[in-house]
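S.K.: You'll find query16.txt just under this line, and it carries compact mmCIF, C-alpha atoms.
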# COMPACT_ATOMS: atom_id res chain seq x y z
CA MET T 312 -11.90 19.84 3.42
CA LYS T 313 -14.98 18.95 5.41
CA ALA T 314 -15.56 22.29 7.15
CA ILE T 315 -15.49 24.25 3.90
CA ARG T 316 -17.69 21.68 2.18
CA VAL T 317 -20.38 21.79 4.85
CA PHE T 318 -20.62 25.57 4.44
CA ILE T 319 -20.76 25.16 0.68
CA LEU T 320 -23.50 22.54 0.80
CA ILE T 321 -25.63 24.76 3.02
CA ALA T 322 -25.30 27.54 0.46
CA LEU T 323 -26.36 25.18 -2.31
CA ALA T 324 -29.70 24.56 -0.61
CA ALA T 325 -31.11 27.72 -2.17
CA GLY T 326 -31.13 26.13 -5.66
CA THR T 327 -34.27 25.01 -7.46
CA GLY T 328 -34.86 22.66 -10.34
CA VAL T 329 -36.35 19.39 -11.49
CA ALA T 330 -35.11 16.24 -9.80
CA GLN T 331 -33.96 13.39 -12.00
CA GLU T 332 -35.22 9.89 -11.37
CA SER T 333 -33.20 8.13 -8.62
CA LEU T 334 -31.01 11.22 -8.17
CA PRO T 335 -31.37 13.94 -5.50
CA GLY T 336 -32.04 16.76 -7.95
CA LEU T 337 -31.86 20.43 -7.04
CA ARG T 338 -35.16 20.06 -5.19
CA TYR T 339 -33.22 18.15 -2.52
CA TRP T 340 -31.10 21.19 -1.67
CA GLN T 341 -34.21 23.35 -1.52
CA LEU T 342 -35.73 20.81 0.88
CA ARG T 343 -32.72 21.03 3.18
CA ARG T 344 -33.09 24.80 3.37
CA GLU T 345 -36.83 24.53 4.08
CA ILE T 346 -36.22 21.86 6.73
CA ARG T 347 -33.81 24.17 8.56
CA GLN T 348 -36.40 26.93 8.39
CA GLY T 349 -39.02 24.59 9.84
CA PHE T 350 -36.78 23.84 12.83
CA GLN T 351 -35.91 27.51 13.29
CA ASN T 352 -39.64 28.36 13.30
CA GLN T 353 -40.38 25.41 15.60
CA ASP T 354 -42.83 24.12 12.99
CA TYR T 355 -41.85 20.50 13.48
CA GLY T 356 -44.85 19.10 11.64
CA ALA T 357 -43.86 20.97 8.49
CA ALA T 358 -40.23 19.98 8.98
CA LEU T 359 -41.21 16.32 9.29
CA ARG T 360 -43.24 16.41 6.08
CA LEU T 361 -40.27 17.91 4.26
CA LEU T 362 -37.92 15.39 5.86
CA ASN T 363 -40.07 12.53 4.58
CA GLU T 364 -39.86 13.98 1.07
CA ALA T 365 -36.09 14.42 1.35
CA ASP T 366 -35.74 10.88 2.71
CA LYS T 367 -37.41 9.51 -0.43
CA ALA T 368 -35.01 11.51 -2.62
CA VAL T 369 -31.94 10.50 -0.57
CA PRO T 370 -32.57 7.36 1.49
CA ASP T 371 -30.21 6.24 4.26
CA SER T 372 -28.76 9.69 4.96
CA PRO T 373 -27.66 9.78 8.64
CA ASP T 374 -28.18 13.54 8.79
CA LEU T 375 -31.79 13.25 7.60
CA ILE T 376 -32.50 10.28 9.86
CA PHE T 377 -31.25 12.19 12.91
CA ARG T 378 -33.34 15.23 12.02
CA MET T 379 -36.39 12.98 11.61
CA SER T 380 -35.76 11.64 15.11
CA LEU T 381 -35.57 15.20 16.45
CA ALA T 382 -38.79 16.24 14.74
CA GLN T 383 -40.65 13.16 15.97
CA ALA T 384 -39.41 13.80 19.52
CA PHE T 385 -40.57 17.43 19.46
CA LEU T 386 -43.96 16.18 18.25
CA ARG T 387 -44.06 13.65 21.14
CA HIS T 388 -43.96 10.70 18.73
CA GLU T 389 -41.62 8.80 21.01
CA GLU T 390 -41.72 5.39 19.35
CA ALA T 391 -40.95 6.84 15.93
CA SER T 392 -38.12 8.94 17.36
CA ILE T 393 -36.59 5.91 19.07
CA ALA T 394 -36.88 3.84 15.88
CA HIS T 395 -34.86 6.41 13.91
CA LEU T 396 -32.14 6.44 16.57
CA GLN T 397 -32.00 2.65 16.59
CA ARG T 398 -31.44 2.77 12.85
CA LEU T 399 -28.49 5.12 13.30
CA VAL T 400 -26.96 2.74 15.84
CA ARG T 401 -27.27 -0.12 13.35
CA MET T 402 -25.53 2.10 10.78
CA ARG T 403 -22.68 2.67 13.28
CA VAL T 404 -22.96 6.48 13.12
CA TYR T 405 -22.52 8.57 16.26
CA PHE T 406 -24.65 11.53 17.32
CA ASP T 407 -24.54 13.18 20.75
CA LEU T 408 -27.98 12.53 22.24
CA THR T 409 -27.27 13.99 25.66
CA LYS T 410 -27.49 17.70 24.80
CA GLU T 411 -30.51 17.73 22.48
CA PRO T 412 -33.53 19.51 24.02
CA ALA T 413 -35.81 17.40 21.81
CA PHE T 414 -34.85 14.29 23.77
CA ALA T 415 -35.53 15.70 27.25
CA GLU T 416 -38.70 13.61 27.74
CA LEU T 417 -37.10 10.49 26.27
CA LYS T 418 -34.43 10.35 28.96
CA ARG T 419 -36.89 8.63 31.29
CA ARG T 420 -37.11 5.65 28.92
CA ALA T 421 -34.80 2.69 29.38
CA ASP T 422 -34.53 2.11 25.61
CA PHE T 423 -33.36 5.69 25.08
CA ARG T 424 -30.75 5.34 27.81
CA ALA T 425 -29.59 2.14 26.11
CA LEU T 426 -29.29 4.04 22.85
CA THR T 427 -27.19 6.72 24.55
CA THR T 428 -24.86 4.01 25.83
CA ALA T 429 -24.71 2.40 22.38
CA MET T 430 -23.86 5.76 20.81
CA GLU T 431 -21.03 6.24 23.29
CA ARG T 432 -19.63 2.82 22.36
CA ILE T 433 -19.70 3.85 18.69
CA ARG T 434 -17.96 7.15 19.49
CA THR T 435 -15.12 5.46 21.38
CA GLU T 436 -14.74 2.40 19.16
CA ARG T 437 -11.17 1.86 18.01
CA GLN T 438 -9.90 -0.39 15.25
CA PHE T 439 -6.60 0.35 13.59
CA LYS T 440 -3.49 -1.24 12.12
CA ALA T 441 -2.08 1.61 10.01
CA ARG T 442 1.43 2.82 10.76
CA VAL T 443 3.22 6.04 9.93
CA ALA T 444 4.57 6.08 6.37
CA PHE T 445 6.10 9.54 6.67
CA ARG T 446 5.59 12.97 8.23
CA ILE T 447 5.95 16.51 6.92
CA SER T 448 7.71 18.82 9.38
CA SER T 449 5.42 21.81 8.84
CA PRO T 450 2.29 21.89 11.03
CA ALA T 451 0.83 24.81 9.03
CA PHE T 452 0.96 22.70 5.85
CA PHE T 453 -2.63 21.31 6.16
CA PRO T 454 -2.31 18.18 3.97
CA GLU T 455 -5.14 17.09 1.69
CA GLY T 456 -4.19 15.12 -1.44
CA ILE T 457 -1.59 12.46 -2.18
CA ALA T 458 -0.27 10.98 -5.44
CA TYR T 459 2.52 8.59 -6.50
CA ASP T 460 4.93 8.32 -9.43
CA SER T 461 6.14 4.72 -9.78
CA ARG T 462 8.82 5.73 -12.30
CA THR T 463 10.71 7.74 -9.67
CA ASP T 464 9.21 6.15 -6.51
CA ASP T 465 8.18 9.61 -5.35
CA TYR T 466 5.05 10.61 -3.44
CA PHE T 467 3.45 14.02 -3.72
CA VAL T 468 1.36 15.68 -1.00
CA SER T 469 -0.69 18.85 -1.43
CA SER T 470 -1.25 21.71 1.01
CA VAL T 471 -4.55 23.55 1.28
CA ARG T 472 -3.01 26.28 3.45
CA GLN T 473 0.55 26.85 2.26
CA ARG T 474 -0.40 26.66 -1.44
CA ARG T 475 2.32 24.19 -2.36
CA ILE T 476 2.98 20.57 -3.26
CA VAL T 477 5.86 18.62 -1.73
CA ARG T 478 7.74 15.64 -3.14
CA VAL T 479 8.60 12.78 -0.77
CA SER T 480 11.32 10.44 -2.03
CA GLY T 481 11.50 6.71 -1.38
CA GLN T 482 13.95 7.59 1.42
CA ASN T 483 11.33 9.94 2.95
CA VAL T 484 13.22 13.10 2.01
CA VAL T 485 10.72 15.96 1.71
CA THR T 486 11.36 18.78 -0.77
CA ASP T 487 9.21 21.36 -2.52
CA PHE T 488 7.91 20.22 -5.90
CA ILE T 489 5.71 23.28 -6.45
CA GLY T 490 6.61 26.28 -4.33
CA SER T 491 4.05 28.32 -2.42
CA GLY T 492 1.82 30.22 -4.83
CA GLN T 493 3.87 29.19 -7.88
CA ASP T 494 2.15 30.12 -11.15
CA GLY T 495 -0.81 31.50 -9.18
CA LEU T 496 -1.46 28.25 -7.32
CA TRP T 497 -3.85 28.50 -4.37
CA GLY T 498 -4.76 25.90 -1.75
CA VAL T 499 -4.35 22.46 -3.30
CA SER T 500 -6.84 19.69 -2.60
CA GLY T 501 -6.96 16.62 -4.85
CA ILE T 502 -3.94 15.70 -6.99
CA GLY T 503 -3.20 12.91 -9.45
CA VAL T 504 -0.34 11.64 -11.62
CA ASP T 505 -0.32 10.79 -15.32
CA GLU T 506 2.92 8.81 -15.50
CA ARG T 507 2.81 8.22 -19.23
CA ARG T 508 2.46 11.91 -20.11
CA ARG T 509 4.60 12.99 -17.15
CA LEU T 510 2.02 15.32 -15.65
CA LEU T 511 0.88 16.04 -12.13
CA TRP T 512 -2.69 17.37 -12.01
CA ALA T 513 -3.82 19.55 -9.10
CA CYS T 514 -7.06 21.13 -7.88
CA SER T 515 -6.42 24.73 -6.83
CA ASN T 516 -8.90 26.79 -4.77
CA ALA T 517 -8.72 30.30 -3.39
CA THR T 518 -10.42 29.86 0.01
CA GLU T 519 -10.15 31.55 3.38
CA THR T 520 -7.87 28.75 4.60
CA ALA T 521 -5.13 29.57 2.10
CA GLU T 522 -2.34 31.95 3.07
CA GLY T 523 -2.71 35.37 1.45
CA TYR T 524 -6.38 34.95 0.59
CA THR T 525 -8.67 37.96 0.26
CA PRO T 526 -12.36 37.97 -0.75
CA ALA T 527 -11.34 39.40 -4.12
CA ASP T 528 -9.65 36.06 -4.86
CA LYS T 529 -12.81 34.01 -4.31
CA ASN T 530 -13.42 32.89 -7.90
CA ASP T 531 -9.83 31.87 -8.67
CA ILE T 532 -10.59 28.15 -9.00
CA ALA T 533 -8.72 25.99 -11.53
CA VAL T 534 -7.15 22.68 -12.47
CA PHE T 535 -3.38 22.90 -12.94
CA ALA T 536 -1.07 20.52 -14.81
CA PHE T 537 2.64 20.52 -13.94
CA ASN T 538 5.49 18.68 -15.64
CA LEU T 539 6.40 15.78 -13.37
CA ASP T 540 10.08 15.95 -14.20
CA ASN T 541 10.79 19.66 -13.75
CA GLY T 542 7.72 21.17 -12.03
CA LYS T 543 7.04 23.65 -14.81
CA LEU T 544 3.47 24.69 -15.51
CA ALA T 545 2.06 22.73 -18.47
CA ALA T 546 -1.56 23.97 -18.46
CA LYS T 547 -4.24 25.66 -16.38
CA TYR T 548 -7.98 25.21 -16.78
CA PRO T 549 -10.23 27.60 -14.80
CA LEU T 550 -13.56 26.31 -13.48
CA ALA T 551 -16.01 28.90 -14.75
CA GLN T 552 -19.07 27.08 -16.14
CA PRO T 553 -21.78 26.14 -15.42
CA GLY T 554 -22.83 28.58 -12.71
CA THR T 555 -20.72 31.10 -10.83
CA ASP T 556 -19.58 29.25 -7.68
CA HIS T 557 -17.03 26.44 -7.84
CA MET T 558 -14.78 24.23 -5.71
CA CYS T 559 -12.22 21.95 -7.35
CA ASP T 560 -12.48 19.20 -4.76
CA GLY T 561 -10.76 16.19 -6.26
CA LEU T 562 -9.74 14.49 -9.46
CA VAL T 563 -8.81 11.13 -10.90
CA VAL T 564 -6.65 10.33 -13.94
CA ALA T 565 -7.73 7.55 -16.33
CA SER T 566 -5.30 5.21 -18.07
CA ASP T 567 -5.91 6.99 -21.39
CA GLY T 568 -4.94 10.33 -19.87
CA ALA T 569 -8.47 11.67 -19.41
CA VAL T 570 -8.87 13.66 -16.18
CA PHE T 571 -12.15 13.72 -14.26
CA VAL T 572 -12.65 16.68 -11.91
CA ALA T 573 -15.14 17.03 -9.02
CA ASP T 574 -16.64 20.49 -8.51
CA SER T 575 -18.45 20.18 -5.19
CA MET T 576 -19.73 23.75 -5.03
CA GLY T 577 -20.74 23.83 -8.68
CA THR T 578 -22.37 20.38 -8.25
CA ALA T 579 -20.72 19.19 -11.45
CA ILE T 580 -18.12 16.77 -12.77
CA TYR T 581 -15.88 17.65 -15.70
CA ARG T 582 -13.82 15.60 -18.11
CA LEU T 583 -10.62 16.83 -19.73
CA ASP T 584 -9.29 14.64 -22.53
CA PRO T 585 -5.61 14.76 -23.56
CA ASP T 586 -4.87 17.86 -25.63
CA ALA T 587 -8.40 19.23 -25.05
CA ARG T 588 -8.68 22.97 -24.65
CA ASP T 589 -11.75 23.03 -22.42
CA LEU T 590 -13.38 21.09 -19.61
CA LYS T 591 -16.41 19.06 -20.70
CA VAL T 592 -19.37 18.66 -18.33
CA VAL T 593 -20.01 15.00 -17.49
CA LEU T 594 -22.44 15.54 -14.60
CA SER T 595 -24.55 18.70 -14.58
CA PRO T 596 -25.89 20.57 -11.52
CA GLU T 597 -29.45 19.40 -12.26
CA ALA T 598 -28.57 15.97 -10.84
CA GLY T 599 -28.28 17.56 -7.39
CA ILE T 600 -25.03 15.77 -6.54
CA SER T 601 -22.16 17.62 -4.86
CA PRO T 602 -19.18 15.40 -5.78
CA GLN T 603 -16.24 14.88 -3.45
CA GLY T 604 -14.38 11.62 -4.02
CA LEU T 605 -13.84 10.15 -7.50
CA ALA T 606 -12.54 6.70 -8.42
CA LEU T 607 -12.42 4.68 -11.62
CA SER T 608 -13.31 0.99 -11.73
CA LYS T 609 -10.66 -1.60 -12.54
CA LYS T 610 -11.78 -1.73 -16.19
CA GLY T 611 -12.12 2.05 -16.36
CA ASN T 612 -15.74 1.86 -17.51
CA ILE T 613 -17.32 3.19 -14.30
CA LEU T 614 -16.62 6.48 -12.55
CA PHE T 615 -17.60 6.23 -8.89
CA VAL T 616 -18.66 9.47 -7.20
CA SER T 617 -19.22 10.21 -3.52
CA ASN T 618 -21.42 12.93 -2.07
CA TYR T 619 -21.28 13.81 1.65
CA PHE T 620 -25.03 13.81 2.26
CA SER T 621 -26.45 11.48 -0.38
CA GLY T 622 -23.94 8.64 -0.63
CA LEU T 623 -22.34 6.93 -3.59
CA TYR T 624 -23.06 6.97 -7.33
CA ALA T 625 -21.77 5.20 -10.44
CA ILE T 626 -21.40 6.87 -13.84
CA ALA T 627 -21.18 4.47 -16.79
CA LEU T 628 -18.55 5.56 -19.31
CA PRO T 629 -18.68 6.75 -22.04
CA SER T 630 -22.50 7.15 -21.95
CA ASN T 631 -22.34 9.17 -18.69
CA ARG T 632 -25.47 7.40 -17.43
CA ILE T 633 -25.58 7.76 -13.65
CA SER T 634 -27.20 5.55 -11.04
CA ARG T 635 -27.20 5.33 -7.27
CA VAL T 636 -24.98 2.70 -5.66
CA VAL T 637 -27.09 0.83 -3.11
CA SER T 638 -25.92 -1.20 -0.14
CA ARG T 639 -27.05 -4.61 1.04
CA VAL T 640 -25.52 -3.78 4.41
CA GLU T 641 -27.08 -1.37 6.90
CA ARG T 642 -23.97 0.80 7.00
CA SER T 643 -23.74 4.43 5.97
CA LEU T 644 -22.24 5.41 2.61
CA ALA T 645 -22.45 9.10 3.55
CA GLY T 646 -19.55 11.33 4.53
CA ILE T 647 -17.08 9.87 2.00
CA ASP T 648 -14.23 12.21 1.11
CA GLY T 649 -11.46 10.02 -0.29
CA LEU T 650 -12.45 7.26 -2.71
CA ILE T 651 -9.90 4.81 -4.12
CA SER T 652 -10.24 1.74 -6.34
CA TYR T 653 -8.71 -1.51 -5.10
CA GLY T 654 -9.28 -4.36 -7.52
CA ASN T 655 -13.04 -4.63 -7.92
CA ASP T 656 -13.63 -2.92 -4.59
CA LEU T 657 -13.48 0.62 -3.24
CA ILE T 658 -11.65 2.10 -0.28
CA ALA T 659 -13.65 4.94 1.27
CA ILE T 660 -12.32 7.54 3.71
CA GLN T 661 -15.30 8.83 5.70
CA ASN T 662 -14.60 12.10 7.50
CA GLY T 663 -18.16 13.40 7.16
CA ILE T 664 -19.62 11.05 9.78
CA GLN T 665 -18.55 10.20 13.31
CA PRO T 666 -16.36 8.47 14.16
CA ASN T 667 -14.05 9.12 11.20
CA ARG T 668 -13.12 5.87 9.52
CA VAL T 669 -11.60 4.09 6.55
CA VAL T 670 -13.61 1.20 5.12
CA ARG T 671 -13.42 -1.27 2.26
CA LEU T 672 -16.57 -1.47 0.17
CA LYS T 673 -16.92 -4.86 -1.49
CA MET T 674 -18.71 -4.25 -4.76
CA SER T 675 -20.94 -6.35 -6.97
CA GLY T 676 -19.65 -7.29 -10.41
CA ASP T 677 -21.57 -4.53 -12.16
CA GLY T 678 -20.47 -1.90 -9.63
CA THR T 679 -24.00 -0.91 -8.64
CA THR T 680 -24.21 -2.58 -5.23
CA VAL T 681 -22.13 -2.69 -2.05
CA SER T 682 -22.34 -6.30 -0.89
CA ALA T 683 -20.23 -5.91 2.28
CA VAL T 684 -18.43 -3.25 4.31
CA GLN T 685 -15.15 -3.99 6.08
CA SER T 686 -13.90 -1.50 8.66
CA LEU T 687 -10.17 -0.91 8.29
CA GLU T 688 -9.34 2.10 10.47
CA VAL T 689 -11.67 3.63 13.06
CA ASN T 690 -10.56 6.35 15.48
CA HIS T 691 -6.88 5.87 14.77
CA PRO T 692 -4.96 7.78 17.48
CA LEU T 693 -3.22 9.88 14.79
CA PHE T 694 -6.45 10.89 13.08
CA GLY T 695 -7.21 14.58 12.83
CA GLU T 696 -9.34 14.67 9.74
CA PRO T 697 -8.40 11.86 7.31
CA THR T 698 -8.84 13.04 3.74
CA LEU T 699 -7.52 11.47 0.53
CA GLY T 700 -5.41 8.45 -0.30
CA LEU T 701 -4.03 6.05 -2.89
CA VAL T 702 -3.37 2.36 -3.28
CA LYS T 703 0.12 1.19 -4.26
CA GLY T 704 -0.01 -2.54 -4.95
CA HIS T 705 -1.75 -3.87 -1.86
CA THR T 706 -0.85 -0.93 0.39
CA LEU T 707 -3.12 1.97 1.21
CA LEU T 708 -1.50 5.32 1.96
CA PHE T 709 -3.67 8.20 3.12
CA VAL T 710 -3.56 11.63 4.72
CA ALA T 711 -4.43 11.14 8.39
CA ASN T 712 -4.78 14.55 9.97
CA ASN T 713 -5.79 17.64 8.04
CA PRO T 714 -6.60 20.10 10.89
CA ILE T 715 -8.79 22.40 8.80
CA THR T 716 -12.02 21.95 10.79
CA GLU T 717 -10.38 22.82 14.11
CA PHE T 718 -8.50 25.74 12.55
CA LEU T 719 -11.64 27.30 11.10
CA GLN T 720 -13.22 27.13 14.54
CA ASN T 721 -10.43 28.73 16.58
CA ARG T 722 -7.99 30.21 13.99
CA ARG T 723 -5.04 29.00 16.04
CA LEU T 724 -1.95 27.20 14.77
CA GLU T 725 -0.25 26.58 18.12
CA SER T 726 -1.71 23.12 18.68
CA VAL T 727 -1.70 21.92 15.08
CA PRO T 728 0.24 18.62 14.73
CA GLU T 729 2.70 17.68 12.02
CA PRO T 730 1.05 16.21 8.91
CA VAL T 731 1.04 12.42 8.96
CA ILE T 732 0.63 9.97 6.08
CA LEU T 733 -0.43 6.53 7.26
CA ARG T 734 0.26 3.20 5.60
CA ARG T 735 -2.13 0.24 5.84
CA GLU T 736 -1.59 -3.20 4.31
CA LEU T 737 -4.76 -4.45 2.65
CA ARG T 738 -3.89 -8.16 2.50
Could I get this file's structure written as structure tokens?
M.R.:
Amino acid sequence: MKAIRVFILIALAAGTGVAQESLPGLRYWQLRREIRQGFQNQDYGAALRLLNEADKAVPDSPDLIFRMSLAQAFLRHEEASIAHLQRLVRMRVYFDLTKEPAFAELKRRADFRALTTAMERIRTERQFKARVAFRISSPAFFPEGIAYDSRTDDYFVSSVRQRRIVRVSGQNVVTDFIGSGQDGLWGVSGIGVDERRRLLWACSNATETAEGYTPADKNDIAVFAFNLDNGKLAAKYPLAQPGTDHMCDGLVVASDGAVFVADSMGTAIYRLDPDARDLKVVLSPEAGISPQGLALSKKGNILFVSNYFSGLYAIALPSNRISRVVSRVERSLAGIDGLISYGNDLIAIQNGIQPNRVVRLKMSGDGTTVSAVQSLEVNHPLFGEPTLGLVKGHTLLFVANNPITEFLQNRRLESVPEPVILRRELR
């Protein structure tokens, strides 16, 4: 849910704290707030100094790099501004350069015009092979998460607007698994299946996108567990600590039944072991990481975590020691929403950068380095906002077109398309 997350991450910028080594720390969010203030006050020198500090905390962030280019342009440091834009082109990330007042003087330069052309090529690039796996005949559904039960050959897809979860049979018959608002369920984002214990886990959030929402419902955030065979509620775990603001963004289920939960607004990750009564904090807010996608390594000893602005991290289990995942390739690891393990590699769904894309991250043996990036799907014609996915054997299935960003801008349902799940062969 990119639009909601961007608002959330802006709100987080007011936090303060001590940054941990190699992690953003809460100081990073304070820097983002101060950088915005610098631009609003047209104090571009101050903004640039803060940007340089933020860049050291979170290197290779396209958002920061673009802002550095803007600040340098306002300060008439043309060569530095151009260099930042060239870096973004090498990272294959699009920004609209034509409407930025900061670049007015640069338009006379041939190298800037070449960059504008290069950005346009990035924006319109198309690379796709995925085909429709199935559709859900309810445009107001707003799909987000997807899970699979191999015992019954059923897929499950969650709705962030209609507050329900549907079951899709192997014959593509769609029926309600969890009805709208059942057991107090709100908008459902990430979901996951524990086949052995016959549970479907679901992240539930009361947000303005969900039908029936009022501001009084704001703090109704929880992880639900439903019986896979009959849909009955098995357990509910509210997200209440640490802090007061939470967003159950996604989850992943380990082979031993442990469930890891991403709280993007609370900047925390929780672990829930089988039969545990409470969520246990694995990653605390002091790290300064707002988690979105979660994925477990093939051996189950590394929990990979994505953060829209600051990239990709690896948490060693069971020590919970966290480190930044670096890339040997000049490609952006920002904007990752869906994160899925595939053998020793990761599949990343990037809807937080333009153009939206699905990529395969080829990982080093220890899981700390991206050695290569393979583009799988870029600007697929059925993309709206691709979100979450799963791998079944050697086939990737993922939600292609959550319309939440457009809806929050115009509040209209007339032009919303039917939800589409795409299928892409990985071999």
S.K.: I want to know what sits within 12 Å of Arg403 of chain T, based on all atoms listed in the file, with residues of the same chain fewer than 6 positions away left out; could you give that as a VMD selection string?
M.R.: chain T and resid 373 396 to 397 426 429 to 436 640 to 645 664 to 668 684 686 689
S.K.: Looking at only C-alpha atoms, which of T:Arg735, T:Arg474, T:Arg347, T:Arg462 is the one that sits closest to Gly700 of chain T?
M.R.: T:Arg735
S.K.: Would you work out the distance separating atom CA of Ala536 of chain T from atom CA of Trp512 of chain T, expressed in Å to one decimal?
M.R.: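 Straight-line distance from atom CA of Ala536 of chain T to atom CA of Trp512 of chain T works out to 4.5 Å.
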S.K.: Suppose you want the space between atom CA of Gln603 of chain T and atom CA of Arg360 of chain T; what is it in Å?
M.R.: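 Spanning atom CA of Gln603 of chain T to atom CA of Arg360 of chain T is a straight-line distance of 28.7 Å.
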S.K.: As a list in words, please: the residues near Ile447 of chain T (cut-off 7 Å, only C-alpha atoms, same-chain neighbours under 5 positions excluded).
M.R.: Glu729, Pro730 and Val731 of chain T
S.K.: Take atom CA of Gln383 of chain T and atom CA of Ala425 of chain T and report the distance between them in Å, one decimal.
M.R.: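 These two atoms are separated by 18.6 Å.
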S.K.: Between T:Ala579, T:Val563, T:Ala394, T:Ile647, single out the one closest to Val670 of chain T, counting only C-alpha atoms.
M.R.: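 Smallest separation from Val670 of chain T among the options: T:Ile647.
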S.K.: Find the residues near segment 528-534 of chain T: any atom within 12 Å, counting only C-alpha atoms, skip ones fewer than 6 places away on the same chain, and give them as a count of residues only.
M.R.: 54
S.K.: Restricting the calculation to all atoms listed in the file, which member of T:Phe414, T:Thr578, T:Met674, T:Ala382 is positioned closest to Glu597 of chain T?
M.R.: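 Under the stated criterion, the closest residue is T:Thr578.
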S.K.: Near Asp656 of chain T, counting all atoms listed in the file, which residues have an atom at most 12 Å away, once you skip same-chain residues fewer than 3 positions from it, shown as a list in words?
M.R.: Ala606, Leu607, Ser608, Lys609, Lys610, Phe615, Leu650, Ile651, Ser652, Tyr653, Ala659, Val670, Arg671, Leu672, Lys673, Met674, Ser675, Gly676, Asp677, Gly678, Thr679, Thr680, Val681, Ser682, Ala683, Val684, Gln685, Val702 and Leu737 of chain T
S.K.: May I have the residues within 9 Å of Asn363 of chain T as a PyMOL selection string, using all atoms listed in the file and disregarding those fewer than 5 positions away in the same chain?
M.R.: chain T and resi 358+368+375+379
S.K.: Between T:Leu707, T:Leu337, T:Leu510, T:Val727, which one has atoms that come closest to Ser601 of chain T, using only C-alpha atoms?
M.R.: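 When distances to Ser601 of chain T are compared using only C-alpha atoms, the smallest one comes from T:Leu337.
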S.K.: Measuring atom to atom with all atoms listed in the file, identify which of T:Tyr466, T:Leu594, T:Thr706, T:Ser480 is nearest to Ile633 of chain T.
M.R.: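 Ranked by minimum distance to Ile633 of chain T, first place goes to T:Leu594.
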S.K.: Let me make sure I understand: among T:Gln482, T:Ser638, T:Ser380, T:Thr463, which one has the smallest atom-to-atom distance to Ile393 of chain T if we use only C-alpha atoms?
M.R.: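 Closest candidate: T:Ser380.
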